[in-house]
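Below: the structure, in structure tokens.
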Amino acid sequence: MSDLNILVKNVQIANPLKPADTSFTDIRIADGKISEIGSGLKPKDQETSHDMNGCFVSPGWLDMHVHLREPGLEHKETIKTGCDAAAAGGFTGVACMPNTTPATHTRDVVEYIIKKAEKLAVDVYPIGCVSKDRKGKSLAEMDDMKQGGAVAFSDDGDPVYDARMMRTALEYSKMLGVPVINHEEDLSLSRPGHMNEGRVSTRLGLAGTPGIAEEVMIARDILLAELTGGHVHVAHISTRKGVELVREGKKKGIKVTTEVCPHHFDLTDEEIDRSRFDTNFKMHPPLRTQDDVKAMIEGLADGTIDAICTDHAPHSREEKLVEFIYAPNGIIGLETAWSISVMRLINPGHMKLVDVLERLIVAPRKILNLPVPKIAVGETANLTFFNTDEKWVCDEKKIRSKSKNTPYLGKELKGRAVGIYNKGVLVRN
Amino acid sequence: MSEYSFSQRHLIGLADYSANDILHVIENAGYFREVLDRPVPKLPTLRDKTIVNLFYENSTRTRLSFELAQKRMGADVVNFSSSSSSVGKGESLKDTIRNIDSMKIDMVVVRHESPGVPDFLTRCVDAVIINAGDGAHEHPTQALLDMFSMKQKLGKLSGLKVVIIGDILHSRVVRSNIIGLKKVGAEVIVCGPGTMMPLYIEDLGVTVSHNLEECLEWCDVAMSLRIQLERQEGTLFPSLREYHNRFGIRMEHLEKYPDFVVMHPGPVNRGVELSDEVADSDRAIILDQVTNGLAVRMAVLYLLSGRASGQPL
């Protein structure tokens with residue numbers, strides 16, 4: 001790769017590990033490692049110089065909740081197109097969910113994913129299934145999968161519904177030092193819901209998924225984590241009471257962590273009415289209320305919510321262009337996550353830039369026991385370049401993901417990832 | 001009203017219609033109601049129009065009513081029926097409607113179990129879309145015929161007191177009626193078991209009651225909704241017997257409160273929502289609703305056909 005030796009000119013450091021350092025500088029990368037940091041650096045022979053025009057640089061971001069769809073569902077996304085989307089969105093790493101076909105429930109599938117991602121600029125960390133075929137009946141081979149490279153376990157897309165199975169999973173994964181990520185949904189309360197149960201669902205006559213379907217499962221899992229000492233990670237949290245439960249659990253010292261998606265701190269269920277049933281507003285958990293949006297932002301700001309993730313869920317055009325109740329849940333998110341974070345968290349003054357970066361860089365890696373990249377001489381270069389002021393329009397033709405199912409189509413956004421450097425490769429938008 | 005002109009292109013739901021639009025449809029329905037009493041109840045109004053009735057859910061009377069309304073006005077009519085259970089096996093709704101549209105269709109009447117399908121169709125084709133019921137969202141022609149029937153029977157809509165009884169949660173009839181009745185100045189109470197009340201229904205401007213007697217004492221119109229026998233007994237209420245005892249209208253109610261009119265969108269489960277005698281009593285205007293349904297659908301087809309300008313007929 002020709003990018004192994006490059007000079008990055010004119011960047012401003014933004015680093016949650018060293019918040020005081022906001023210097024404008026240049027970074028020299030030699031053989032994929034940071035070899036020199038300082039201003040006024042001159043390119044050496046065989047070294048290309050890249051002027052970044054004063055944008056920010058931070059350690060590379062990690063999205064701990066994406067669906068890459070491969071193996072089996074390549075018409076929605078592939079590991080390659082998903083990683084292209086991740087790079088375009090500023091992510092140097094993604095953890096991918098196991099609801100593939102076949103499910104990522106054995107070591108060979110884990111290794112297949114890792115092998116497919118080897119030559120890509122983005123690090124791919126597979127999450128293995130909790131149960132065989134994600135059926136919730138018997139445990140998958142967690143230890144074997146971990147040795148193959150799995151970083152966590154989840155039956156995401158579906159909950160680990162049976163309480164005994166969840167207890168067993170936490171006990172077993174504790175031994176491995178790996179979290180269980182649960183899609184929190186009590187199906188007996190949520191079915192056959194197609195949107196948040198509330199004022200809008202009543203108006204539209206759509207069956208509702210109540211917040212409490214999520215909250216009773218979060219409460220159960222926190223109690224099970226307390227009992228077992230295992231680590232439960234609450235996937236894509238979306239309700240105020242859910243955040244309160246996690247806050248209380250953390251206060252008691254229980255090993256519970258959580259994550260939130262940008263759409264849950266940006267959009268509400270009113271969008272389904274306003275858009276007249278646009279299925280790009282259909283996902284699980286569903287868009288909730290303005291009060292829930294506020295609680296997501298508060299939870300992120302006070303650290304109750306550890307990580308920002310996207311739940312990047314590609315679906316093809318024909319799959320989404322159907323009757324609302326038949327449309328699959330989920331939207332893509334990798335390429336818009338940063339803009340929404342800028343517009344909803346930083347610009348209104350709810351959070352400082354470095355605190356938002358902490359949720360994208362440090363927190364997800366701590367949860368998954370991954371090393372946090374550093375900006376220091378001698379370190380492997382794993383960097384994200386971005387700005388907070390560029391205005392751009394989310395154009396269907398420019399989306400890198402194979403699927404285009406996003407509610408932000410045609411919307412003007414602010415703040416953008418400029419590129420990433422990882423594995424000796426520079427990817428610029 | 002002198003400045004008013006009807007400018008709707010589709011009928012998706014009464015949420016999109018103003019009070020004037022609603023009253024205009026009802027006024028036009030009055031003319032068509034007279035036509036229906038003529039020896040030859042036919043008009044050539046839509047003889048160059050082609051209409052498809054796209055029914056993805058079982059329906060007897062609504063489909064019949066639309067089809068008859070279309071034929072009375074001389075339209076060419078084709079029917080497409082498909083059960084929702086076949087979805088996923090065949091072609092997508094988008095492809096179906098675009099294929100049908102390619103055969104030069106002017107209007108589409110659609111019923112589907114998914115809320116939002118009529119909206120979806122307006123994004124797929126240029127034809128006029130008329131909603132004949134989308135899930136538990138709206139059933140606008142039913143509400144229009146209900147309001148037409150109330151006006152015909154009681155002479156007014158503004159200030160009218162209406163109680164709607166039964167399964168408020170799953171009913172498209174109730175949503176369209178609440179929206180329409182509120183717009184024309186009526187008062188609405190919804191009455192039924194707590195298990196059949198959606199959250200925040202009060203937001204639509206109605207009061208919730210669980211006491212049938214109080215409602216019947218208060219109201220001018222009592223509209224009972226059909227209970228879905230198979231699906232709901234045991235899950236949303238313990239038994240039909242208990243439901244009837246608490247929410248069924250019986251002869252003793254008619255005797256005790258002599259003024260209210262009984263309505264029902266049909267089909268009636270006799271002995272559940274209404275006792276057998278109540279359903280057949282002269283206080284019930286259920287069969288008038290059916291005839292008026294034909295007139296209202298003729299009015300809607302006429303107004304949306306692009307034919308309407310100047311005098312209604």
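Letters A, B, ... go to the chains of the structure tokens in the order shown; residues in each chain start at 1; ligands are counted from 1 in the same order.
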May I ask you to extract the residues of chain B within 9 Å of chain A, using only C-alpha atoms, and to give them as a list in words?
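Going by the stated atoms only, the list reads Val87, Ser92, Leu93, Lys94, Glu113, Ser114, Pro115, Gly116, Val117, Asp119, Phe120, Asp134, Gly135, Ala136, His137, Glu138, Leu169, His170, Ser171, Arg172, Arg175, Pro198, Leu199, Tyr200, Ile201, Asp203 and Leu204 of chain B.
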Region 211-218 of chain B environment, 7 Å, only C-alpha atoms, sequence neighbours closer than 4 positions dropped, as a ChimeraX atom specification
/B:163,191,222,247,257
Taking 5 positions as the minimum chain separation for residues in the same chain, which residues sit within 8 Å of Pro179 (chain A) when counting only C-alpha atoms? Answer as a ChimeraX atom specification.
/A:152-153,170,173-174,230-233,367-368
Output file for the selection above: N, CA and C atoms, as a tab-separated table (two decimals), in the first residue's frame:
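Generated file (selection.tsv):
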chain	number	residue	atom	x	y	z
A	152	ALA	N	-18.07	-10.30	21.67
A	152	ALA	CA	-19.24	-10.24	22.55
A	152	ALA	C	-20.26	-11.24	22.02
A	153	PHE	N	-21.36	-11.41	22.78
A	153	PHE	CA	-22.40	-12.34	22.35
A	153	PHE	C	-23.76	-11.67	22.40
A	170	LEU	N	-25.19	-15.22	30.90
A	170	LEU	CA	-24.38	-14.29	31.69
A	170	LEU	C	-23.36	-15.05	32.53
A	173	SER	N	-20.67	-16.34	30.00
A	173	SER	CA	-19.84	-15.29	29.38
A	173	SER	C	-18.98	-14.58	30.41
A	174	LYS	N	-19.42	-14.59	31.67
A	174	LYS	CA	-18.61	-13.99	32.73
A	174	LYS	C	-17.26	-14.71	32.82
A	230	GLY	N	-22.27	-11.20	35.89
A	230	GLY	CA	-21.95	-11.08	34.47
A	230	GLY	C	-22.14	-9.65	33.98
A	231	HIS	N	-21.67	-9.41	32.76
A	231	HIS	CA	-21.75	-8.07	32.17
A	231	HIS	C	-22.86	-8.06	31.12
A	232	VAL	N	-23.92	-7.30	31.41
A	232	VAL	CA	-24.98	-7.16	30.40
A	232	VAL	C	-24.83	-5.80	29.75
A	233	HIS	N	-24.88	-5.83	28.42
A	233	HIS	CA	-24.86	-4.57	27.66
A	233	HIS	C	-26.22	-4.41	27.00
A	367	ILE	N	-16.00	-1.54	26.56
A	367	ILE	CA	-17.05	-2.54	26.72
A	367	ILE	C	-16.64	-3.85	26.04
A	368	LEU	N	-15.99	-3.73	24.90
A	368	LEU	CA	-15.61	-4.92	24.12
A	368	LEU	C	-14.18	-5.38	24.41
If we count only C-alpha atoms, what is near Ala117 (chain A) at a cut-off of 8 Å, once residues fewer than 6 positions away on the same chain are taken out, given as a list in words?
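These residues fall inside the cut-off: Ile79, Lys80, Asp123 and Val124 of chain A.
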Using backbone DSSP assignments, extract all helix (DSSP H, G or I) residues from region 48-262 of chain A; output them as number ranges by chain.
A: 79-88, 107-117, 132-134, 142-148, 163-176, 187-190, 199-204, 211-228, 240-251, 262
Can you pull out the residues contacting region 9-15 of chain B? Cut-off 7 Å, using only C-alpha atoms, and skip same-chain residues under 4 positions away; I want them as a PyMOL selection string.
chain B and resi 118-119+128-131+138-140+176+179-180+304
Selected residues written out with N, CA and C atoms, as an mmCIF file, in the first residue's frame:
data_model
loop_
_atom_site.group_PDB
_atom_site.id
_atom_site.type_symbol
_atom_site.label_atom_id
_atom_site.label_comp_id
_atom_site.auth_asym_id
_atom_site.auth_seq_id
_atom_site.Cartn_x
_atom_site.Cartn_y
_atom_site.Cartn_z
ATOM 1 N N PRO B 118 -53.285 3.495 1.513
ATOM 2 C CA PRO B 118 -53.770 4.493 0.547
ATOM 3 C C PRO B 118 -52.736 5.596 0.289
ATOM 4 N N ASP B 119 -52.071 6.071 1.342
ATOM 5 C CA ASP B 119 -50.987 7.046 1.164
ATOM 6 C C ASP B 119 -49.901 6.490 0.261
ATOM 7 N N VAL B 128 -56.732 8.569 -8.841
ATOM 8 C CA VAL B 128 -57.395 9.025 -7.617
ATOM 9 C C VAL B 128 -57.509 7.834 -6.663
ATOM 10 N N ILE B 129 -57.147 8.037 -5.409
ATOM 11 C CA ILE B 129 -57.187 6.942 -4.434
ATOM 12 C C ILE B 129 -58.296 7.211 -3.419
ATOM 13 N N ILE B 130 -59.130 6.207 -3.217
ATOM 14 C CA ILE B 130 -60.184 6.297 -2.208
ATOM 15 C C ILE B 130 -59.969 5.177 -1.198
ATOM 16 N N ASN B 131 -59.895 5.559 0.056
ATOM 17 C CA ASN B 131 -59.631 4.606 1.130
ATOM 18 C C ASN B 131 -60.940 3.933 1.560
ATOM 19 N N GLU B 138 -58.174 4.574 9.153
ATOM 20 C CA GLU B 138 -59.372 5.329 8.781
ATOM 21 C C GLU B 138 -60.282 4.510 7.874
ATOM 22 N N HIS B 139 -61.558 4.855 7.905
ATOM 23 C CA HIS B 139 -62.559 4.294 7.004
ATOM 24 C C HIS B 139 -63.492 5.462 6.694
ATOM 25 N N PRO B 140 -63.001 6.403 5.881
ATOM 26 C CA PRO B 140 -63.696 7.695 5.766
ATOM 27 C C PRO B 140 -65.107 7.613 5.191
ATOM 28 N N SER B 176 -62.226 7.501 12.141
ATOM 29 C CA SER B 176 -62.779 8.423 11.149
ATOM 30 C C SER B 176 -63.986 9.157 11.712
ATOM 31 N N ILE B 179 -62.800 11.910 14.205
ATOM 32 C CA ILE B 179 -62.184 13.037 13.490
ATOM 33 C C ILE B 179 -63.262 13.861 12.781
ATOM 34 N N GLY B 180 -64.155 13.172 12.080
ATOM 35 C CA GLY B 180 -65.197 13.876 11.331
ATOM 36 C C GLY B 180 -66.179 14.584 12.241
ATOM 37 N N LEU B 304 -64.661 13.337 -6.671
ATOM 38 C CA LEU B 304 -63.247 13.092 -6.943
ATOM 39 C C LEU B 304 -62.987 12.734 -8.409
#
Just the residues within 6 Å of Cys55 (chain A), please, counting only C-alpha atoms, with nothing from its chain fewer than 6 positions along; format it as a list of chain:residue names.
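These residues fall inside the cut-off: A:Val11, A:Phe386, A:Asn387.
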Those same residues - N, CA and C atoms - I'd like them written as a CSV table (one decimal), in the first residue's frame.
chain,number,residue,atom,x,y,z
A,11,VAL,N,-3.9,19.4,10.7
A,11,VAL,CA,-5.0,18.9,11.5
A,11,VAL,C,-5.0,19.5,12.9
A,386,PHE,N,-12.3,14.6,10.7
A,386,PHE,CA,-13.7,15.1,10.6
A,386,PHE,C,-13.7,16.6,10.8
A,387,ASN,N,-14.9,17.1,10.5
A,387,ASN,CA,-15.1,18.5,10.9
A,387,ASN,C,-16.5,18.6,11.5
